[in-house]
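Next comes start06.cif, a file with mmCIF, C-alpha atoms.
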```
data_structure
loop_
_atom_site.group_PDB
_atom_site.id
_atom_site.type_symbol
_atom_site.label_atom_id
_atom_site.label_comp_id
_atom_site.auth_asym_id
_atom_site.auth_seq_id
_atom_site.Cartn_x
_atom_site.Cartn_y
_atom_site.Cartn_z
ATOM 1 C CA MET A 1 0.000 0.000 0.000
ATOM 2 C CA SER A 2 1.242 3.476 -0.855
ATOM 3 C CA HIS A 3 1.717 5.963 1.962
ATOM 4 C CA VAL A 4 -0.854 8.331 0.467
ATOM 5 C CA LYS A 5 -3.490 5.583 0.320
ATOM 6 C CA ALA A 6 -3.032 4.863 4.018
ATOM 7 C CA GLU A 7 -2.983 8.573 4.861
ATOM 8 C CA ILE A 8 -6.235 9.199 3.005
ATOM 9 C CA ALA A 9 -7.887 6.378 4.949
ATOM 10 C CA THR A 10 -6.839 7.720 8.375
ATOM 11 C CA GLN A 11 -8.517 11.112 7.972
ATOM 12 C CA PRO A 12 -11.650 10.399 10.031
ATOM 13 C CA GLU A 13 -9.633 9.678 13.169
ATOM 14 C CA CYS A 14 -7.234 12.532 12.443
ATOM 15 C CA TRP A 15 -10.178 14.933 12.273
ATOM 16 C CA ARG A 16 -11.524 13.688 15.584
ATOM 17 C CA GLN A 17 -8.135 14.222 17.202
ATOM 18 C CA ALA A 18 -7.785 17.605 15.524
ATOM 19 C CA ALA A 19 -11.124 18.777 16.895
ATOM 20 C CA LYS A 20 -9.704 18.400 20.410
ATOM 21 C CA LEU A 21 -7.287 21.236 19.593
ATOM 22 C CA ALA A 22 -10.108 23.735 19.067
ATOM 23 C CA GLY A 23 -9.226 25.447 22.341
ATOM 24 C CA ALA A 24 -5.487 25.678 21.658
ATOM 25 C CA PRO A 25 -3.737 28.955 22.527
ATOM 26 C CA GLY A 26 -3.263 31.340 19.640
ATOM 27 C CA LEU A 27 -6.391 30.549 17.671
ATOM 28 C CA PRO A 28 -8.016 33.745 16.405
ATOM 29 C CA ARG A 29 -10.245 35.538 18.875
ATOM 30 C CA ARG A 30 -13.599 36.916 17.849
ATOM 31 C CA ASP A 31 -13.317 40.367 16.244
ATOM 32 C CA GLU A 32 -9.608 40.064 15.488
ATOM 33 C CA ARG A 33 -8.662 41.064 11.952
ATOM 34 C CA VAL A 34 -6.848 37.971 10.711
ATOM 35 C CA ALA A 35 -4.650 37.079 7.749
ATOM 36 C CA VAL A 36 -4.090 33.414 6.909
ATOM 37 C CA VAL A 37 -1.177 32.353 4.692
ATOM 38 C CA GLY A 38 0.146 29.217 3.093
ATOM 39 C CA CYS A 39 1.464 27.810 -0.158
ATOM 40 C CA GLY A 40 -0.267 25.312 -2.441
ATOM 41 C CA THR A 41 -2.574 23.056 -0.460
ATOM 42 C CA SER A 42 -2.086 25.146 2.686
ATOM 43 C CA TRP A 43 -3.271 28.252 0.833
ATOM 44 C CA PHE A 44 -6.442 26.476 -0.278
ATOM 45 C CA MET A 45 -7.206 25.503 3.331
ATOM 46 C CA ALA A 46 -6.576 29.116 4.322
ATOM 47 C CA LYS A 47 -9.101 30.287 1.732
ATOM 48 C CA SER A 48 -11.766 27.910 3.011
ATOM 49 C CA TYR A 49 -11.218 28.980 6.615
ATOM 50 C CA ALA A 50 -11.276 32.688 5.766
ATOM 51 C CA VAL A 51 -14.756 32.369 4.263
ATOM 52 C CA LEU A 52 -16.048 30.250 7.140
ATOM 53 C CA ARG A 53 -14.726 32.626 9.796
ATOM 54 C CA GLU A 54 -16.349 35.646 8.198
ATOM 55 C CA GLN A 55 -19.617 33.748 7.686
ATOM 56 C CA ALA A 56 -19.577 32.862 11.384
ATOM 57 C CA GLY A 57 -19.303 36.547 12.277
ATOM 58 C CA HIS A 58 -15.901 36.183 13.952
ATOM 59 C CA GLY A 59 -14.249 39.020 12.086
ATOM 60 C CA GLU A 60 -12.601 40.105 8.871
ATOM 61 C CA THR A 61 -10.383 37.331 7.532
ATOM 62 C CA ASP A 62 -8.181 37.314 4.439
ATOM 63 C CA ALA A 63 -6.252 34.430 2.883
ATOM 64 C CA PHE A 64 -3.096 34.918 0.838
ATOM 65 C CA GLN A 65 -0.436 32.981 -0.955
ATOM 66 C CA ALA A 66 2.608 33.569 1.173
ATOM 67 C CA SER A 67 4.558 34.778 -1.862
ATOM 68 C CA ASP A 68 2.022 37.577 -2.472
ATOM 69 C CA PHE A 69 1.331 38.846 1.028
ATOM 70 C CA PRO A 70 0.271 42.531 1.164
ATOM 71 C CA TYR A 71 2.685 43.855 3.773
ATOM 72 C CA GLY A 72 1.096 47.309 3.731
ATOM 73 C CA ARG A 73 -2.068 46.028 5.435
ATOM 74 C CA HIS A 74 -2.605 45.817 9.181
ATOM 75 C CA TYR A 75 -3.810 42.624 10.840
ATOM 76 C CA ASP A 76 -4.319 41.751 14.490
ATOM 77 C CA ARG A 77 -3.031 38.218 13.955
ATOM 78 C CA LEU A 78 -1.302 36.123 11.326
ATOM 79 C CA VAL A 79 -2.160 32.435 10.994
ATOM 80 C CA ALA A 80 0.358 30.434 8.971
ATOM 81 C CA ILE A 81 -0.071 26.880 7.700
ATOM 82 C CA THR A 82 3.037 24.865 6.842
ATOM 83 C CA ARG A 83 3.219 21.097 7.182
ATOM 84 C CA SER A 84 7.013 20.953 7.129
ATOM 85 C CA GLY A 85 7.645 24.159 9.038
ATOM 86 C CA THR A 86 10.352 24.999 6.494
ATOM 87 C CA THR A 87 8.553 26.603 3.519
ATOM 88 C CA THR A 88 10.618 29.651 2.608
ATOM 89 C CA GLU A 89 7.837 32.035 1.538
ATOM 90 C CA THR A 90 5.737 31.256 4.612
ATOM 91 C CA LEU A 91 8.680 31.753 6.974
ATOM 92 C CA ASP A 92 9.418 35.111 5.336
ATOM 93 C CA VAL A 93 5.862 36.336 5.976
ATOM 94 C CA MET A 94 5.950 35.064 9.559
ATOM 95 C CA ARG A 95 9.192 36.904 10.307
ATOM 96 C CA THR A 96 8.057 40.190 8.779
ATOM 97 C CA VAL A 97 4.505 40.291 10.132
ATOM 98 C CA GLY A 98 5.685 38.951 13.479
ATOM 99 C CA GLU A 99 7.451 42.236 14.132
ATOM 100 C CA ARG A 100 4.072 43.940 14.582
ATOM 101 C CA ALA A 101 1.414 41.251 15.233
ATOM 102 C CA PRO A 102 1.214 37.852 16.952
ATOM 103 C CA VAL A 103 1.768 34.824 14.730
ATOM 104 C CA THR A 104 0.137 31.415 15.113
ATOM 105 C CA VAL A 105 1.420 28.516 13.041
ATOM 106 C CA PHE A 106 -0.108 25.131 12.212
ATOM 107 C CA THR A 107 2.609 22.585 11.509
ATOM 108 C CA ALA A 108 3.390 18.892 11.755
ATOM 109 C CA ASP A 109 6.930 19.382 13.078
ATOM 110 C CA ALA A 110 7.550 21.530 16.141
ATOM 111 C CA ALA A 111 11.327 21.212 15.736
ATOM 112 C CA GLN A 112 11.452 23.269 12.530
ATOM 113 C CA PRO A 113 11.931 27.045 12.068
ATOM 114 C CA ALA A 114 8.225 27.935 11.825
ATOM 115 C CA ALA A 115 7.655 26.915 15.437
ATOM 116 C CA GLU A 116 10.628 29.000 16.553
ATOM 117 C CA ILE A 117 9.328 32.090 14.791
ATOM 118 C CA ALA A 118 5.676 31.820 15.869
ATOM 119 C CA ASN A 119 4.249 33.155 19.113
ATOM 120 C CA GLU A 120 1.954 30.121 19.308
ATOM 121 C CA THR A 121 2.277 26.737 17.611
ATOM 122 C CA VAL A 122 -0.493 24.225 16.959
ATOM 123 C CA VAL A 123 1.239 20.905 16.324
ATOM 124 C CA LEU A 124 -0.550 18.226 14.316
ATOM 125 C CA ASP A 125 2.218 15.627 14.347
ATOM 126 C CA PHE A 126 -0.429 12.885 14.396
ATOM 127 C CA ALA A 127 -1.482 14.030 10.915
ATOM 128 C CA ASP A 128 2.009 14.252 9.410
ATOM 129 C CA GLU A 129 2.612 12.377 6.181
ATOM 130 C CA LYS A 130 5.340 10.316 4.550
ATOM 131 C CA SER A 131 3.975 11.101 1.110
ATOM 132 C CA VAL A 132 5.096 14.277 -0.614
ATOM 133 C CA VAL A 133 1.424 14.867 -1.482
ATOM 134 C CA GLN A 134 -0.630 16.431 1.304
ATOM 135 C CA THR A 135 -3.965 14.924 2.299
ATOM 136 C CA ARG A 136 -4.651 14.366 5.978
ATOM 137 C CA PHE A 137 -2.493 17.181 7.377
ATOM 138 C CA ALA A 138 -4.304 19.868 5.413
ATOM 139 C CA THR A 139 -7.793 18.581 6.159
ATOM 140 C CA SER A 140 -6.909 18.125 9.830
ATOM 141 C CA VAL A 141 -5.831 21.775 10.056
ATOM 142 C CA LEU A 142 -9.168 22.774 8.580
ATOM 143 C CA ALA A 143 -10.892 20.457 11.057
ATOM 144 C CA VAL A 144 -9.253 22.311 13.968
ATOM 145 C CA LEU A 145 -10.279 25.672 12.570
ATOM 146 C CA ARG A 146 -13.824 24.514 11.830
ATOM 147 C CA ALA A 147 -14.158 23.077 15.327
ATOM 148 C CA HIS A 148 -12.984 26.410 16.737
ATOM 149 C CA LEU A 149 -15.849 28.034 14.830
ATOM 150 C CA GLY A 150 -18.324 25.582 16.355
ATOM 151 C CA HIS A 151 -18.683 23.096 13.504
ATOM 152 C CA ASP A 152 -19.663 19.504 14.213
ATOM 153 C CA ILE A 153 -16.499 17.625 13.273
ATOM 154 C CA GLU A 154 -17.860 14.276 14.450
ATOM 155 C CA THR A 155 -20.482 14.391 11.713
ATOM 156 C CA ALA A 156 -17.819 15.323 9.174
ATOM 157 C CA ALA A 157 -15.644 12.422 10.372
ATOM 158 C CA SER A 158 -18.573 10.014 10.084
ATOM 159 C CA ASP A 159 -19.160 11.237 6.531
ATOM 160 C CA ALA A 160 -15.451 10.719 5.879
ATOM 161 C CA GLU A 161 -15.784 7.082 6.906
ATOM 162 C CA VAL A 162 -18.542 6.763 4.308
ATOM 163 C CA ALA A 163 -16.385 8.458 1.657
ATOM 164 C CA ILE A 164 -13.537 6.019 2.237
ATOM 165 C CA ARG A 165 -15.833 3.046 1.509
ATOM 166 C CA LEU A 166 -17.914 4.405 -1.383
ATOM 167 C CA PRO A 167 -17.341 3.345 -4.993
ATOM 168 C CA LEU A 168 -15.480 6.039 -6.891
ATOM 169 C CA PRO A 169 -17.768 8.461 -8.728
ATOM 170 C CA VAL A 170 -15.749 8.209 -11.939
ATOM 171 C CA HIS A 171 -13.641 5.459 -13.500
ATOM 172 C CA PRO A 172 -10.162 6.504 -14.678
ATOM 173 C CA ALA A 173 -10.611 4.785 -18.048
ATOM 174 C CA LEU A 174 -13.838 6.600 -18.846
ATOM 175 C CA PHE A 175 -12.907 10.278 -18.675
ATOM 176 C CA ASP A 176 -10.157 12.629 -19.847
ATOM 177 C CA GLN A 177 -10.682 15.770 -17.788
ATOM 178 C CA ILE A 178 -12.327 17.010 -14.561
ATOM 179 C CA THR A 179 -13.435 20.496 -13.588
ATOM 180 C CA PHE A 180 -14.070 20.987 -9.868
ATOM 181 C CA LEU A 181 -16.496 23.654 -8.664
ATOM 182 C CA GLY A 182 -17.203 25.170 -5.257
ATOM 183 C CA ARG A 183 -19.249 27.915 -3.615
ATOM 184 C CA GLY A 184 -18.150 30.039 -0.685
ATOM 185 C CA TRP A 185 -15.813 28.055 1.544
ATOM 186 C CA THR A 186 -15.831 25.045 -0.786
ATOM 187 C CA VAL A 187 -14.050 26.988 -3.548
ATOM 188 C CA GLY A 188 -10.827 26.217 -1.664
ATOM 189 C CA LEU A 189 -11.752 22.532 -1.530
ATOM 190 C CA ALA A 190 -12.435 22.499 -5.278
ATOM 191 C CA GLU A 191 -9.028 24.047 -5.902
ATOM 192 C CA GLU A 192 -7.414 21.456 -3.646
ATOM 193 C CA ALA A 193 -9.205 18.586 -5.411
ATOM 194 C CA ALA A 194 -7.915 19.828 -8.759
ATOM 195 C CA LEU A 195 -4.389 20.158 -7.390
ATOM 196 C CA LYS A 196 -4.477 16.591 -6.031
ATOM 197 C CA CYS A 197 -5.235 15.193 -9.484
ATOM 198 C CA ARG A 198 -2.612 17.366 -11.157
ATOM 199 C CA GLU A 199 0.251 16.699 -8.773
ATOM 200 C CA THR A 200 -0.498 13.026 -8.044
ATOM 201 C CA ALA A 201 -1.284 11.913 -11.589
ATOM 202 C CA GLY A 202 -0.349 14.756 -13.957
ATOM 203 C CA PHE A 203 -4.021 14.854 -14.926
ATOM 204 C CA TRP A 204 -5.839 17.747 -16.619
ATOM 205 C CA THR A 205 -8.046 19.395 -14.027
ATOM 206 C CA GLU A 206 -9.418 22.883 -13.540
ATOM 207 C CA SER A 207 -11.298 24.586 -10.700
ATOM 208 C CA TYR A 208 -13.666 27.548 -10.494
ATOM 209 C CA PRO A 209 -16.311 29.152 -8.311
ATOM 210 C CA ALA A 210 -19.522 27.418 -9.350
ATOM 211 C CA MET A 211 -21.391 30.614 -10.223
ATOM 212 C CA ASP A 212 -18.570 31.695 -12.512
ATOM 213 C CA TYR A 213 -18.434 28.398 -14.407
ATOM 214 C CA ARG A 214 -21.002 29.496 -16.981
ATOM 215 C CA HIS A 215 -18.958 32.635 -17.703
ATOM 216 C CA GLY A 216 -16.503 30.855 -19.989
ATOM 217 C CA PRO A 217 -15.139 27.636 -18.440
ATOM 218 C CA ILE A 218 -18.195 25.601 -19.486
ATOM 219 C CA ALA A 219 -16.885 25.928 -23.046
ATOM 220 C CA ILE A 220 -14.596 22.912 -22.527
ATOM 221 C CA ALA A 221 -17.382 20.650 -21.177
ATOM 222 C CA GLY A 222 -18.251 17.671 -23.339
ATOM 223 C CA PRO A 223 -18.197 13.885 -23.614
ATOM 224 C CA ARG A 224 -15.566 12.092 -21.491
ATOM 225 C CA ARG A 225 -15.298 15.153 -19.267
ATOM 226 C CA VAL A 226 -16.566 15.546 -15.717
ATOM 227 C CA VAL A 227 -17.833 18.497 -13.690
ATOM 228 C CA TRP A 228 -17.668 17.794 -9.959
ATOM 229 C CA ALA A 229 -19.348 20.212 -7.551
ATOM 230 C CA PHE A 230 -18.597 20.643 -3.846
ATOM 231 C CA GLY A 231 -21.269 21.980 -1.537
ATOM 232 C CA ASP A 232 -24.315 23.823 -2.838
ATOM 233 C CA VAL A 233 -25.030 23.567 -6.555
ATOM 234 C CA PRO A 234 -26.424 26.586 -8.437
ATOM 235 C CA GLU A 235 -29.917 25.983 -9.731
ATOM 236 C CA GLY A 236 -29.965 24.616 -13.263
ATOM 237 C CA LEU A 237 -26.227 24.009 -13.484
ATOM 238 C CA ALA A 238 -26.399 20.209 -13.487
ATOM 239 C CA GLY A 239 -28.732 20.210 -16.479
ATOM 240 C CA GLU A 240 -26.592 22.696 -18.377
ATOM 241 C CA VAL A 241 -23.505 20.542 -17.808
ATOM 242 C CA GLU A 242 -25.239 17.348 -18.871
ATOM 243 C CA ALA A 243 -26.534 19.048 -22.028
ATOM 244 C CA THR A 244 -22.900 19.358 -23.156
ATOM 245 C CA GLY A 245 -22.376 15.596 -22.873
ATOM 246 C CA ALA A 246 -20.233 15.938 -19.756
ATOM 247 C CA ALA A 247 -20.989 14.038 -16.562
ATOM 248 C CA PHE A 248 -22.073 15.946 -13.461
ATOM 249 C CA VAL A 249 -20.976 14.683 -10.033
ATOM 250 C CA HIS A 250 -22.300 15.848 -6.665
ATOM 251 C CA SER A 251 -22.026 13.762 -3.514
ATOM 252 C CA ARG A 252 -25.002 12.307 -1.681
ATOM 253 C CA HIS A 253 -25.156 10.256 1.481
ATOM 254 C CA HIS A 254 -26.042 6.561 1.438
ATOM 255 C CA GLY A 255 -26.298 6.259 -2.291
ATOM 256 C CA GLY A 256 -24.083 5.065 -5.067
ATOM 257 C CA TYR A 257 -22.495 6.597 -8.130
ATOM 258 C CA GLY A 258 -23.100 5.494 -11.671
ATOM 259 C CA SER A 259 -20.024 4.509 -13.673
ATOM 260 C CA ILE A 260 -19.229 8.112 -14.504
ATOM 261 C CA GLY A 261 -22.279 10.259 -13.966
ATOM 262 C CA ARG A 262 -24.571 11.597 -11.317
ATOM 263 C CA TRP A 263 -24.955 10.262 -7.835
ATOM 264 C CA VAL A 264 -27.829 7.791 -7.684
ATOM 265 C CA GLY A 265 -30.256 7.207 -4.817
ATOM 266 C CA GLY A 266 -28.876 9.761 -2.397
ATOM 267 C CA ARG A 267 -30.417 11.781 0.416
ATOM 268 C CA ALA A 268 -28.356 14.332 2.344
ATOM 269 C CA PRO A 269 -25.052 15.589 0.923
ATOM 270 C CA LEU A 270 -21.727 14.529 2.358
ATOM 271 C CA ASP A 271 -19.786 17.093 4.329
ATOM 272 C CA PRO A 272 -17.648 18.807 1.664
ATOM 273 C CA MET A 273 -14.404 17.767 3.396
ATOM 274 C CA ALA A 274 -15.579 14.156 3.135
ATOM 275 C CA ASP A 275 -16.331 14.730 -0.535
ATOM 276 C CA LEU A 276 -12.734 15.891 -0.896
ATOM 277 C CA ILE A 277 -11.667 12.421 0.262
ATOM 278 C CA LEU A 278 -13.441 10.967 -2.776
ATOM 279 C CA ALA A 279 -11.470 13.343 -4.989
ATOM 280 C CA GLN A 280 -8.237 12.313 -3.260
ATOM 281 C CA ARG A 281 -9.104 8.681 -3.978
ATOM 282 C CA VAL A 282 -9.775 9.494 -7.623
ATOM 283 C CA ALA A 283 -6.359 11.184 -7.850
ATOM 284 C CA LEU A 284 -4.771 8.059 -6.366
ATOM 285 C CA ALA A 285 -6.592 5.832 -8.854
ATOM 286 C CA LEU A 286 -5.494 8.029 -11.747
ATOM 287 C CA ALA A 287 -1.876 7.701 -10.637
ATOM 288 C CA THR A 288 -1.861 3.964 -10.012
ATOM 289 C CA THR A 289 -3.613 3.083 -13.286
ATOM 290 C CA GLN A 290 -0.812 4.925 -15.104
ATOM 291 C CA GLY A 291 1.889 3.127 -13.118
ATOM 292 C CA LEU A 292 2.929 6.339 -11.343
ATOM 293 C CA ASP A 293 4.264 6.599 -7.801
ATOM 294 C CA PRO A 294 1.594 8.609 -5.932
ATOM 295 C CA ASP A 295 3.900 9.186 -2.964
ATOM 296 C CA ASN A 296 6.639 10.855 -5.001
ATOM 297 C CA PRO A 297 5.256 12.772 -8.009
ATOM 298 C CA PRO A 298 7.849 14.096 -10.455
ATOM 299 C CA HIS A 299 9.328 17.549 -9.863
ATOM 300 C CA LEU A 300 7.867 17.827 -6.334
ATOM 301 C CA THR A 301 9.480 17.837 -2.904
ATOM 302 C CA ARG A 302 7.991 17.750 0.582
ATOM 303 C CA SER A 303 8.828 21.401 1.118
ATOM 304 C CA VAL A 304 9.934 24.261 -1.130
ATOM 305 C CA VAL A 305 13.077 25.707 0.422
ATOM 306 C CA LEU A 306 14.563 28.539 -1.638
ATOM 307 C CA ALA A 307 18.139 29.721 -1.634
#
```
Rewritten as structure tokens:
Amino acid sequence: MSHVKAEIATQPECWRQAAKLAGAPGLPRRDERVAVVGCGTSWFMAKSYAVLREQAGHGETDAFQASDFPYGRHYDRLVAITRSGTTTETLDVMRTVGERAPVTVFTADAAQPAAEIANETVVLDFADEKSVVQTRFATSVLAVLRAHLGHDIETAASDAEVAIRLPLPVHPALFDQITFLGRGWTVGLAEEAALKCRETAGFWTESYPAMDYRHGPIAIAGPRRVVWAFGDVPEGLAGEVEATGAAFVHSRHHGGYGSIGRWVGGRAPLDPMADLILAQRVALALATTQGLDPDNPPHLTRSVVLA
């Protein structure tokens, strides 16, 4: 078994353990103006959290790629996400912003520079990964932050257990492209799902806010292509996608997928983080059917450390 396969499967228990950290020191207080930074997968988790925190009424929250942080803005707190604790761009932001505001970091390794720089460190060593590709660490960070906002992580973890067992929504031999869509906080999850397929299997994926999909991106929809939506689906979108010949995928509890198309026989939707597990499993299947090593994709390293 590949490392990433095992790491995907352990997410339900990781989320339950992560939820216990919801009271950790350094988590944003209500009414603080907060910036959240990360790179790649960590940035997508930051984007999801920023939307959720504002929706919960906890205060203005912005998410940035660490390489494009707006240093001219004032924030009451910086939250950084870095699995390795060594990502150069993230460390640079932490050092600079830390001169004028407290910094909280989420990391899997408390012995690395990020923990030394931060005022407070939330360590998720139980969710660390041997694979270069991130799965459980990123979702466990989001589980902590969601729990801190009052979300029911036990329900999400139960949905995750369902997602690990379900048949895959699409078969790797039956499609050539996937576009992932999200709304609100699930835009970040859609972007992460697309990244998982690209980095794990070198597969053509795109991601967009669902309401913007009809403003151009739908032009590539067609036979042997899939549109996969996370969270709420805009009215009429499924029919418009299917009219192009593309398959439309949207998760439903206690049902089953057709070989490539819509979810059949469902009731309530899966928690979107659990739906992300299905996308992670699809990425793994795409890699293994091509004979690729999903733990060590070409051109990638566990952390980007710049000279």
Selection result of the PyMOL selection byres ((chain A and resi 132) around 10) on this file, as a VMD selection string: chain A and resid 3 to 4 129 to 131 133 to 135 199 to 200 294 to 297 300 to 303
Hits from the PyMOL selection byres ((chain A and resi 307) around 9), listed as a ChimeraX atom specification: /A:88,305-306
Closest of A:Leu145, A:Ala243, A:Thr61, A:Met273 to A:Ile8 - atom-to-atom distances counting all atoms listed in the file: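 Between A:Leu145, A:Ala243, A:Thr61, A:Met273, the residue approaching A:Ile8 most closely is A:Met273.
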Atom CA of A:Phe106 to atom CA of A:Ile81, straight-line distance in Å: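 It comes out at 4.8 Å.
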Selection under test: the PyMOL selection byres ((chain A and resi 147) around 9); residues as a ChimeraX atom specification: /A:18-23,142-146,148-153
